[in-house]
>>> print(open('my_file-v1.cif').read())   # mmCIF, C-alpha atoms
data_protein
loop_
_atom_site.label_atom_id
_atom_site.label_comp_id
_atom_site.auth_asym_id
_atom_site.auth_seq_id
_atom_site.Cartn_x
_atom_site.Cartn_y
_atom_site.Cartn_z
CA MET A 1 -42.71 308.16 139.06
CA GLN A 2 -41.87 309.29 135.56
CA PRO A 3 -40.70 306.33 133.50
CA ALA A 4 -36.98 305.96 132.87
CA ILE A 5 -34.83 303.57 130.86
CA GLU A 6 -34.84 301.15 133.81
CA ASP A 7 -38.63 300.94 133.68
CA ALA A 8 -38.58 300.21 129.96
CA ILE A 9 -36.10 297.37 130.48
CA ILE A 10 -38.12 295.95 133.38
CA SER A 11 -41.25 296.13 131.26
CA LEU A 12 -39.56 294.22 128.43
CA ALA A 13 -37.80 291.72 130.68
CA PRO A 14 -39.68 291.29 133.96
CA ARG A 15 -37.94 289.47 136.84
CA THR A 16 -34.54 289.80 135.14
CA ALA A 17 -31.60 291.13 137.14
CA PHE A 18 -29.42 293.62 135.31
CA SER A 19 -27.08 296.55 135.80
CA LEU A 20 -27.06 299.82 133.94
CA ASP A 21 -25.00 302.98 133.74
CA ASN A 22 -24.92 305.97 131.43
CA ASN A 23 -23.42 303.82 128.68
CA GLY A 24 -26.28 301.34 128.76
CA ILE A 25 -26.67 297.81 130.11
CA VAL A 26 -23.41 296.56 131.64
CA ALA A 27 -24.61 293.22 133.07
CA TRP A 28 -27.58 291.09 132.08
CA ASP A 29 -29.55 288.25 133.69
CA MET A 30 -26.89 287.86 136.37
CA SER A 31 -29.12 286.43 139.08
CA GLU A 32 -28.65 282.87 140.28
CA VAL A 33 -32.16 282.32 138.97
CA LYS A 34 -31.96 282.97 135.24
CA THR A 35 -34.92 284.18 133.21
CA ASN A 36 -33.08 283.51 129.92
CA ILE A 37 -34.80 286.53 128.42
CA THR A 38 -32.74 288.00 125.60
CA GLN A 39 -31.25 291.39 126.37
CA PRO A 40 -33.36 294.02 124.59
CA THR A 41 -31.73 296.23 122.01
CA ASP A 42 -31.36 299.97 122.42
CA ALA A 43 -34.08 300.46 119.80
CA GLU A 44 -36.48 298.14 121.64
CA ILE A 45 -35.79 299.96 124.90
CA ALA A 46 -36.36 303.34 123.26
CA THR A 47 -39.66 302.19 121.75
CA GLU A 48 -40.87 300.81 125.07
CA LEU A 49 -39.82 303.97 126.90
CA THR A 50 -41.83 306.04 124.42
CA ARG A 51 -44.86 303.82 125.05
CA LEU A 52 -44.48 304.08 128.84
CA GLN A 53 -44.02 307.84 128.63
CA ALA A 54 -47.21 308.20 126.57
CA ALA A 55 -49.12 306.13 129.13
CA TYR A 56 -47.67 308.24 131.94
CA ASP A 57 -48.53 311.49 130.18
CA ALA A 58 -52.08 310.27 129.56
CA GLN A 59 -52.57 310.10 133.33
CA ALA A 60 -51.39 313.67 133.98
CA TYR A 61 -54.95 314.86 134.56
CA ALA A 62 -55.54 312.12 137.13
CA ARG A 63 -52.38 313.03 139.08
CA SER A 64 -53.39 316.70 139.05
CA ARG A 65 -56.92 315.88 140.19
CA LYS A 66 -55.68 313.66 143.00
CA ALA A 67 -53.34 316.37 144.28
CA ALA A 68 -56.25 318.82 144.35
CA TYR A 69 -58.68 316.31 145.90
CA ASP A 70 -56.19 315.61 148.66
CA LEU A 71 -56.32 319.26 149.70
CA LEU A 72 -60.04 319.01 150.44
CA ASN A 73 -61.52 317.90 153.74
CA GLN A 74 -64.16 315.97 151.86
CA PHE A 75 -65.88 314.20 154.74
CA GLU A 76 -66.33 317.48 156.57
CA MET A 77 -67.61 319.15 153.41
CA GLN A 78 -70.11 316.34 152.85
CA PHE A 79 -71.27 316.49 156.46
CA ASP A 80 -71.69 320.26 156.33
CA ASP A 81 -73.59 320.01 153.03
CA ALA A 82 -75.94 317.40 154.50
CA ALA A 83 -76.48 319.48 157.61
CA ASN A 84 -76.87 322.81 155.88
CA GLY A 85 -78.37 321.87 152.54
CA THR A 86 -75.40 323.30 150.64
CA THR A 87 -73.39 321.87 147.72
CA THR A 88 -69.81 322.90 148.58
CA TRP A 89 -68.40 319.40 148.14
CA ILE A 90 -69.87 318.61 144.72
CA ASP A 91 -69.08 322.15 143.57
CA ALA A 92 -65.44 321.76 144.59
CA ILE A 93 -65.16 318.36 142.89
CA ASN A 94 -66.72 319.68 139.69
CA ALA A 95 -64.37 322.68 139.73
CA ILE A 96 -61.33 320.40 139.97
CA LYS A 97 -62.62 318.17 137.16
CA GLN A 98 -63.11 321.22 134.99
CA GLU A 99 -59.65 322.55 135.83
CA PHE A 100 -58.00 319.24 134.92
CA PRO A 101 -60.10 317.68 132.13
CA LYS A 102 -59.46 314.23 130.69
CA MET B 103 -0.16 299.46 160.02
CA ALA B 104 0.69 302.96 161.10
CA THR B 105 2.73 303.44 164.26
CA VAL B 106 1.66 306.33 166.45
CA ILE B 107 2.46 307.43 169.97
CA ARG B 108 -0.46 307.34 172.34
CA GLY B 109 -1.29 309.78 175.10
CA ASP B 110 0.35 307.47 177.64
CA ASP B 111 3.65 307.71 175.71
CA ASN B 112 3.41 304.09 174.53
CA TRP B 113 3.55 303.16 170.87
CA ASP B 114 0.39 301.95 169.22
CA THR B 115 0.79 299.95 166.05
CA SER B 116 -2.86 299.05 165.63
CA ILE B 117 -3.98 302.11 163.74
CA PRO B 118 -5.15 300.92 160.32
CA SER B 119 -3.40 302.40 157.34
CA ASN B 120 -4.47 299.77 154.85
CA VAL B 121 -7.81 301.08 153.68
CA VAL B 122 -9.30 300.49 150.24
CA SER B 123 -12.47 302.16 149.04
CA THR B 124 -14.30 301.98 145.74
CA THR B 125 -17.27 303.89 144.41
CA SER B 126 -19.75 303.20 141.67
CA GLN B 127 -22.63 304.92 139.95
CA THR B 128 -24.00 301.76 138.37
CA TYR B 129 -27.65 300.86 138.87
CA THR B 130 -28.65 297.28 139.60
CA GLN B 131 -32.11 295.78 139.27
CA CYS B 132 -32.48 292.81 141.61
CA ALA B 133 -34.75 289.85 141.08
CA SER B 134 -35.43 286.48 142.60
CA GLY B 135 -32.13 284.74 143.33
CA PHE B 136 -28.92 286.39 144.44
CA ALA B 137 -27.04 288.59 142.04
CA ASP B 138 -23.89 290.68 142.36
CA ILE B 139 -24.60 294.33 142.99
CA THR B 140 -22.46 295.74 140.22
CA GLY B 141 -19.87 298.12 141.60
CA ALA B 142 -20.33 296.96 145.19
CA THR B 143 -16.98 295.25 145.38
CA VAL B 144 -13.64 295.97 147.01
CA THR B 145 -10.28 294.18 147.03
CA ILE B 146 -7.74 294.43 149.85
CA THR B 147 -4.40 292.74 150.45
CA PRO B 148 -3.90 292.18 154.20
CA SER B 149 -0.38 292.67 155.52
CA SER B 150 -0.66 289.77 157.96
CA THR B 151 -2.56 286.50 158.19
CA SER B 152 -3.69 287.54 161.68
CA SER B 153 -5.26 290.78 160.46
CA LYS B 154 -8.97 291.33 160.51
CA VAL B 155 -10.75 293.17 157.71
CA LEU B 156 -13.74 295.40 158.31
CA VAL B 157 -15.74 295.58 155.11
CA THR B 158 -18.63 298.00 154.65
CA PHE B 159 -21.09 298.67 151.85
CA SER B 160 -23.46 301.60 151.58
CA ALA B 161 -25.91 302.67 148.90
CA GLY B 162 -29.40 303.92 148.40
CA ALA B 163 -32.07 301.47 147.36
CA MET B 164 -35.82 301.26 146.97
CA SER B 165 -38.41 298.56 146.87
CA GLY B 166 -41.74 298.40 145.10
CA THR B 167 -44.82 296.18 145.08
CA THR B 168 -46.18 294.14 147.95
CA ALA B 169 -44.65 291.63 150.34
CA ASN B 170 -41.14 292.17 149.09
CA GLU B 171 -38.45 290.50 151.18
CA ILE B 172 -34.92 291.69 150.58
CA GLN B 173 -32.00 289.41 151.29
CA VAL B 174 -28.33 290.36 151.39
CA ARG B 175 -25.02 288.61 151.69
CA ILE B 176 -21.32 289.41 151.57
CA LEU B 177 -18.97 287.11 149.72
CA ARG B 178 -15.22 286.78 150.19
CA GLY B 179 -14.29 285.35 146.84
CA SER B 180 -16.91 282.63 146.46
CA THR B 181 -17.35 282.12 150.22
CA ILE B 182 -20.39 283.60 151.96
CA VAL B 183 -19.14 285.38 155.07
CA ARG B 184 -22.35 287.13 156.04
CA SER B 185 -25.95 286.38 155.11
CA ILE B 186 -29.06 288.25 156.22
CA THR B 187 -32.18 286.42 155.16
CA ARG B 188 -34.56 289.26 155.91
CA TYR B 189 -32.54 292.42 155.49
CA GLY B 190 -35.67 294.35 154.62
CA PHE B 191 -39.34 293.83 154.07
CA THR B 192 -41.53 296.30 152.25
CA ASN B 193 -45.20 296.34 151.47
CA ALA B 194 -45.68 299.20 149.05
CA GLY B 195 -48.94 299.73 147.26
CA SER B 196 -49.30 299.99 143.53
CA GLY B 197 -47.07 302.73 142.20
CA GLU B 198 -45.57 303.34 145.64
CA TRP B 199 -41.99 302.83 146.82
CA SER B 200 -40.35 302.09 150.12
CA SER B 201 -36.86 303.23 151.04
CA CYS B 202 -34.49 300.39 151.87
CA PRO B 203 -31.00 301.90 152.24
CA ILE B 204 -28.05 299.53 152.20
CA ALA B 205 -25.67 299.71 155.16
CA VAL B 206 -24.00 296.35 155.58
CA ASN B 207 -20.73 295.57 157.34
CA PHE B 208 -18.75 292.57 158.52
CA LEU B 209 -15.54 292.03 160.48
CA ASP B 210 -13.80 289.23 158.66
CA SER B 211 -10.74 287.15 159.47
CA PRO B 212 -9.49 286.18 156.02
CA SER B 213 -6.24 284.58 157.31
CA THR B 214 -4.35 285.45 154.18
CA THR B 215 -1.92 287.95 152.75
CA SER B 216 -3.26 287.47 149.25
CA ALA B 217 -5.52 289.93 147.48
CA THR B 218 -9.00 289.35 148.86
CA THR B 219 -12.17 290.52 147.13
CA TYR B 220 -15.46 291.21 148.87
CA GLN B 221 -18.68 291.41 146.90
CA LEU B 222 -22.20 292.43 147.92
CA GLN B 223 -25.08 290.34 146.61
CA MET B 224 -28.81 290.90 147.02
CA SER B 225 -32.02 289.13 146.19
CA THR B 226 -35.75 289.68 146.42
CA THR B 227 -38.48 287.15 146.96
CA SER B 228 -41.37 286.50 144.64
CA ASP B 229 -39.63 288.29 141.75
CA ASN B 230 -40.51 291.65 143.21
CA ASP B 231 -38.88 294.93 142.36
CA PHE B 232 -35.75 296.08 144.20
CA ARG B 233 -33.56 298.85 142.79
CA VAL B 234 -30.05 299.69 144.00
CA ASN B 235 -28.62 303.12 143.26
CA HIS B 236 -31.64 304.08 141.22
CA SER B 237 -31.20 307.52 139.73
CA GLN B 238 -33.74 307.87 136.94
CA SER B 239 -31.27 307.20 134.12
CA ASN B 240 -28.76 309.77 135.39
CA TYR B 241 -25.70 307.96 136.61
CA ASP B 242 -23.22 310.81 136.72
CA GLY B 243 -22.12 312.75 139.73
CA THR B 244 -21.20 311.70 143.21
CA ALA B 245 -20.62 308.15 144.34
CA GLY B 246 -23.82 306.18 144.74
CA ILE B 247 -22.33 302.95 146.03
CA VAL B 248 -19.36 303.03 148.41
CA SER B 249 -17.49 299.85 149.33
CA THR B 250 -14.68 300.02 151.89
CA ALA B 251 -12.29 297.44 153.32
CA THR B 252 -10.13 298.35 156.32
CA GLU B 253 -7.36 296.15 157.70
CA ILE B 254 -7.32 296.07 161.49
CA GLY B 255 -4.69 294.60 163.79
CA GLY B 256 -2.20 292.18 162.44
#
>>> encode(input="my_file-v1.cif", output="structure tokens")
Amino acid sequence: MQPAIEDAIISLAPRTAFSLDNNGIVAWDMSEVKTNITQPTDAEIATELTRLQAAYDAQAYARSRKAAYDLLNQFEMQFDDAANGTTTWIDAINAIKQEFPK
Amino acid sequence: MATVIRGDDNWDTSIPSNVVSTTSQTYTQCASGFADITGATVTITPSSTSSKVLVTFSAGAMSGTTANEIQVRILRGSTIVRSITRYGFTNAGSGEWSSCPIAVNFLDSPSTTSATTYQLQMSTTSDNDFRVNHSQSNYDGTAGIVSTATEIGG
């Protein structure tokens, strides 16, 4: 899931209950069990969201690879390769890695 | 109450006309310990002390991480009128989410003609992640949380 403002706040203040709307945080640390973590500023939230977004973007290749891997019937390919002496499975994996490089 | 004539030509005065509904687009992040779900609140003034009030809350919600127990309760003022200790249980893997929609109702007998406020509260165990009305930072548009109180009888 692409990171949003909520994720940045959760990252800065884990286990803290809060409410949010388009105007920003409207309630903070309102659970019966207080964390007493100071409400982050808009600037702190923006900085954390930028960091989370960069980490998410850095994994784009992995998400693309996984989507392509999931389309393969890999066990069947491996069985057929072992039975027939072919390399369809490793060829397909290498092609996906080349299509979505790190 | 509204008075209507029934099919058998008798008058029926039990049709509710006192209905209050609120909506909210606010997102709430729940944690360990009960917290108000912001926007999940409704206030009704019964016309009779013998009236019952049907209160309902609905919203979308999602749960992450493992072994996440979701608890819910309805408060009338500061009084707990309904409590569900295991409303939901999810066991999502890393980066995965489970749907846990909120559809909670209660038929209350408030025995008052004063303004009566009902509030939804939720909690998770083990400080896990539970998100109500999550909308990826876009909280415009149609109502995400709907809270309704309907007076019945009286």
>>> interface_residues(input="my_file-v1.cif", of="chain B", to="chain A", cutoff="9 Å", atoms="all atoms listed in the file", output="list in words")
Gln127, Thr128, Tyr129, Thr130, Gln131, Cys132, Ala133, Ser134, Gly135, Phe136, Ala137, Asp138, Ile139, Thr140, Gly197, Glu198, Ser225, Asp229, Asn230, Asp231, His236, Gln238, Ser239, Asn240, Tyr241 and Asp242 of chain B
>>> atom_distance(input="my_file-v1.cif", atom1="CA of Val206 (chain B)", atom2="CA of Asn235 (chain B)")
14.8 Å
>>> atom_distance(input="my_file-v1.cif", atom1="CA of Thr250 (chain B)", atom2="CA of Ser180 (chain B)")
18.4 Å
>>> closest_residue(input="my_file-v1.cif", among="B:Ile146, B:Ala169, B:Val248, B:Ala163", to="Pro212 (chain B)", atoms="all atoms listed in the file")
B:Ile146
>>> atom_distance(input="my_file-v1.cif", atom1="CA of Thr41 (chain A)", atom2="CA of Ala54 (chain A)")
20.1 Å
>>> resolve_selection(input="my_file-v1.cif", expression="the PyMOL selection byres ((chain B and resi 182) around 12)", output="list of chain:residue names")
B:Phe136, B:Val174, B:Arg175, B:Ile176, B:Leu177, B:Arg178, B:Gly179, B:Ser180, B:Thr181, B:Val183, B:Arg184, B:Ser185, B:Ile186, B:Phe208, B:Asp210, B:Pro212, B:Thr219, B:Tyr220, B:Gln221, B:Leu222, B:Gln223
>>> residues_around(input="my_file-v1.cif", residues="Thr125 (chain B)", least_positions_apart="2", cutoff="9 Å", atoms="all atoms listed in the file", output="PyMOL selection string")
chain B and resi 123+127+141-143+244-250
>>> resolve_selection(input="my_file-v1.cif", expression="the PyMOL selection byres ((chain B and resi 203) around 9)", output="NGL selection string")
:B and (160-164 or 201-202 or 204-205 or 234)
>>> closest_residue(input="my_file-v1.cif", among="B:Gly109, B:Thr147, B:Ser237, B:Ser211", to="Val122 (chain B)", atoms="only C-alpha atoms")
B:Thr147
>>> build_atoms(input="my_file-v1.cif", residues="region 52-63 of chain A", atoms="all heavy atoms", output="compact mmCIF listing (two decimals), keeping the file's coordinate frame")
# COMPACT_ATOMS: atom_id res chain seq x y z
N LEU A 52 -44.24 303.84 127.41
CA LEU A 52 -44.48 304.08 128.84
C LEU A 52 -44.67 305.57 129.12
O LEU A 52 -45.51 305.96 129.94
CB LEU A 52 -43.31 303.54 129.67
CG LEU A 52 -43.13 302.02 129.70
CD1 LEU A 52 -41.87 301.65 130.49
CD2 LEU A 52 -44.34 301.33 130.31
N GLN A 53 -43.90 306.40 128.42
CA GLN A 53 -44.02 307.84 128.63
C GLN A 53 -45.39 308.33 128.18
O GLN A 53 -46.01 309.17 128.85
CB GLN A 53 -42.91 308.58 127.87
CG GLN A 53 -42.90 310.08 128.12
CD GLN A 53 -42.53 310.43 129.55
OE1 GLN A 53 -41.49 309.99 130.04
NE2 GLN A 53 -43.36 311.21 130.23
N ALA A 54 -45.88 307.80 127.05
CA ALA A 54 -47.21 308.20 126.57
C ALA A 54 -48.29 307.79 127.57
O ALA A 54 -49.23 308.55 127.84
CB ALA A 54 -47.47 307.55 125.21
N ALA A 55 -48.15 306.58 128.14
CA ALA A 55 -49.12 306.13 129.13
C ALA A 55 -49.06 306.99 130.38
O ALA A 55 -50.09 307.32 130.99
CB ALA A 55 -48.85 304.66 129.48
N TYR A 56 -47.84 307.38 130.76
CA TYR A 56 -47.67 308.24 131.94
C TYR A 56 -48.28 309.61 131.68
O TYR A 56 -49.01 310.15 132.52
CB TYR A 56 -46.18 308.36 132.26
CG TYR A 56 -45.87 309.26 133.43
CD1 TYR A 56 -45.93 308.77 134.74
CD2 TYR A 56 -45.48 310.59 133.23
CE1 TYR A 56 -45.63 309.58 135.81
CE2 TYR A 56 -45.19 311.40 134.31
CZ TYR A 56 -45.26 310.90 135.60
OH TYR A 56 -44.96 311.71 136.66
N ASP A 57 -47.99 310.16 130.52
CA ASP A 57 -48.53 311.49 130.18
C ASP A 57 -50.05 311.48 130.13
O ASP A 57 -50.70 312.47 130.48
CB ASP A 57 -47.97 311.95 128.83
CG ASP A 57 -46.47 312.23 128.89
OD1 ASP A 57 -45.94 312.36 130.02
OD2 ASP A 57 -45.84 312.29 127.81
N ALA A 58 -50.62 310.36 129.67
CA ALA A 58 -52.08 310.27 129.56
C ALA A 58 -52.77 310.32 130.93
O ALA A 58 -53.97 310.58 131.01
CB ALA A 58 -52.47 308.99 128.83
N GLN A 59 -52.01 310.07 131.97
CA GLN A 59 -52.57 310.10 133.33
C GLN A 59 -52.24 311.40 134.06
O GLN A 59 -52.46 311.50 135.28
CB GLN A 59 -52.03 308.91 134.13
CG GLN A 59 -52.56 307.56 133.68
CD GLN A 59 -54.07 307.46 133.84
OE1 GLN A 59 -54.60 307.69 134.92
NE2 GLN A 59 -54.75 307.14 132.75
N ALA A 60 -51.76 312.40 133.33
CA ALA A 60 -51.39 313.67 133.98
C ALA A 60 -52.59 314.31 134.66
O ALA A 60 -52.49 314.83 135.78
CB ALA A 60 -50.78 314.62 132.96
N TYR A 61 -53.75 314.25 133.99
CA TYR A 61 -54.95 314.86 134.56
C TYR A 61 -55.33 314.18 135.88
O TYR A 61 -55.76 314.83 136.85
CB TYR A 61 -56.12 314.76 133.56
CG TYR A 61 -56.79 313.42 133.53
CD1 TYR A 61 -57.89 313.16 134.35
CD2 TYR A 61 -56.31 312.39 132.72
CE1 TYR A 61 -58.49 311.91 134.34
CE2 TYR A 61 -56.90 311.16 132.72
CZ TYR A 61 -58.00 310.91 133.53
OH TYR A 61 -58.58 309.68 133.53
N ALA A 62 -55.18 312.86 135.93
CA ALA A 62 -55.54 312.12 137.13
C ALA A 62 -54.62 312.48 138.30
O ALA A 62 -55.06 312.61 139.44
CB ALA A 62 -55.48 310.62 136.85
N ARG A 63 -53.30 312.64 138.01
CA ARG A 63 -52.38 313.03 139.08
C ARG A 63 -52.70 314.43 139.58
O ARG A 63 -52.66 314.69 140.79
CB ARG A 63 -50.94 312.93 138.57
CG ARG A 63 -50.45 311.51 138.32
CD ARG A 63 -48.95 311.48 138.03
NE ARG A 63 -48.62 312.14 136.77
CZ ARG A 63 -48.67 311.54 135.57
NH1 ARG A 63 -49.01 310.28 135.49
NH2 ARG A 63 -48.36 312.20 134.47
